[in-house]
Amino acid sequence: MSNITLLRIKHTAKLEKLIKQNADYQKILKESRIVDKYIVIEMRNMLNKNKDYTIPFLKESTIKPDK
């Protein structure tokens, strides 16, 4: 397991604890942003390992390209 994954798990546990304790909204929001940051880093790492990897939902997107 990478250090980033361990940090994400640690902060996710902290976030869950804050939510259960009904902590201040700003503390929960701050911790949530930290978890999000680690998720983005993990996703980038996964995509960099698999350069030819494509995200399936993008192919089925209903957004039409600009003309």
# chains A, B, ... in the order shown; residues from 1 in each chain; ligands from 1
>>> residues_around(residues="Glu42 in chain A", least_positions_apart="6", cutoff="10 Å", atoms="only C-alpha atoms", output="PDB file with N, CA and C atoms, in the first residue's frame")
ATOM      1  N   SER A   2       0.545   2.224  -0.794  1.00  0.00           N
ATOM      2  CA  SER A   2       1.364   3.430  -0.883  1.00  0.00           C
ATOM      3  C   SER A   2       1.103   4.365   0.299  1.00  0.00           C
ATOM      4  N   ILE A   4       0.283   7.432   0.110  1.00  0.00           N
ATOM      5  CA  ILE A   4      -0.900   8.227  -0.190  1.00  0.00           C
ATOM      6  C   ILE A   4      -2.154   7.477   0.233  1.00  0.00           C
ATOM      7  N   THR A   5      -2.188   6.186  -0.047  1.00  0.00           N
ATOM      8  CA  THR A   5      -3.347   5.372   0.338  1.00  0.00           C
ATOM      9  C   THR A   5      -3.494   5.340   1.853  1.00  0.00           C
ATOM     10  N   ARG A   8      -4.847   8.603   2.986  1.00  0.00           N
ATOM     11  CA  ARG A   8      -6.278   8.714   2.680  1.00  0.00           C
ATOM     12  C   ARG A   8      -7.108   7.946   3.698  1.00  0.00           C
ATOM     13  N   ASP A  36     -10.429  14.280  -0.292  1.00  0.00           N
ATOM     14  CA  ASP A  36     -10.596  14.469  -1.733  1.00  0.00           C
ATOM     15  C   ASP A  36      -9.251  14.646  -2.428  1.00  0.00           C
ATOM     16  N   ASN A  48      -1.728   7.159 -14.566  1.00  0.00           N
ATOM     17  CA  ASN A  48      -0.363   7.220 -15.079  1.00  0.00           C
ATOM     18  C   ASN A  48       0.232   5.832 -15.249  1.00  0.00           C
TER      19      ASN A  48
END
>>> residues_around(residues="Leu6 in chain A", least_positions_apart="5", cutoff="12 Å", atoms="only C-alpha atoms", output="PDB file with N, CA and C atoms, in the first residue's frame")
ATOM      1  N   MET A   1       0.841  -1.171   0.000  1.00  0.00           N
ATOM      2  CA  MET A   1       0.000   0.000   0.000  1.00  0.00           C
ATOM      3  C   MET A   1       0.890   1.240   0.000  1.00  0.00           C
ATOM      4  N   HIS A  11      -7.131   9.834   7.063  1.00  0.00           N
ATOM      5  CA  HIS A  11      -7.987  11.021   7.064  1.00  0.00           C
ATOM      6  C   HIS A  11      -9.459  10.663   6.881  1.00  0.00           C
ATOM      7  N   THR A  12      -9.733   9.570   6.197  1.00  0.00           N
ATOM      8  CA  THR A  12     -11.117   9.113   6.075  1.00  0.00           C
ATOM      9  C   THR A  12     -11.653   8.700   7.444  1.00  0.00           C
ATOM     10  N   ALA A  13     -10.827   8.003   8.210  1.00  0.00           N
ATOM     11  CA  ALA A  13     -11.223   7.609   9.567  1.00  0.00           C
ATOM     12  C   ALA A  13     -11.452   8.842  10.434  1.00  0.00           C
ATOM     13  N   VAL A  35      -9.282  14.528   2.256  1.00  0.00           N
ATOM     14  CA  VAL A  35      -9.557  13.191   1.706  1.00  0.00           C
ATOM     15  C   VAL A  35      -9.703  13.283   0.189  1.00  0.00           C
ATOM     16  N   TYR A  38      -6.347  13.461  -1.563  1.00  0.00           N
ATOM     17  CA  TYR A  38      -5.647  12.180  -1.654  1.00  0.00           C
ATOM     18  C   TYR A  38      -6.305  11.257  -2.678  1.00  0.00           C
ATOM     19  N   ILE A  39      -7.611  11.327  -2.815  1.00  0.00           N
ATOM     20  CA  ILE A  39      -8.300  10.521  -3.821  1.00  0.00           C
ATOM     21  C   ILE A  39      -7.861  10.939  -5.220  1.00  0.00           C
ATOM     22  N   GLU A  42      -4.430   9.587  -5.884  1.00  0.00           N
ATOM     23  CA  GLU A  42      -4.489   8.154  -6.167  1.00  0.00           C
ATOM     24  C   GLU A  42      -5.010   7.880  -7.576  1.00  0.00           C
TER      25      GLU A  42
END
>>> atom_distance(atom1="CA of Asn3 in chain A", atom2="CA of Lys37 in chain A")
13.5 Å
>>> atom_distance(atom1="CA of Leu47 in chain A", atom2="CA of Ser32 in chain A")
22.6 Å
>>> residues_around(residues="Glu16 in chain A", least_positions_apart="6", cutoff="10 Å", atoms="only C-alpha atoms", output="PyMOL selection string")
chain A and resi 22+28+31-32
>>> write_last_selection(atoms="N, CA and C atoms", output="mmCIF file, in the first residue's frame")
data_model
loop_
_atom_site.group_PDB
_atom_site.id
_atom_site.type_symbol
_atom_site.label_atom_id
_atom_site.label_comp_id
_atom_site.auth_asym_id
_atom_site.auth_seq_id
_atom_site.Cartn_x
_atom_site.Cartn_y
_atom_site.Cartn_z
ATOM 1 N N ASN A 22 -20.552 14.948 15.517
ATOM 2 C CA ASN A 22 -21.254 16.180 15.150
ATOM 3 C C ASN A 22 -20.344 17.396 15.310
ATOM 4 N N ILE A 28 -15.283 19.520 9.478
ATOM 5 C CA ILE A 28 -15.668 18.403 8.609
ATOM 6 C C ILE A 28 -15.329 18.729 7.162
ATOM 7 N N GLU A 31 -11.536 18.490 6.552
ATOM 8 C CA GLU A 31 -11.076 17.101 6.502
ATOM 9 C C GLU A 31 -11.551 16.427 5.214
ATOM 10 N N SER A 32 -12.759 16.744 4.778
ATOM 11 C CA SER A 32 -13.286 16.186 3.543
ATOM 12 C C SER A 32 -12.443 16.614 2.345
#
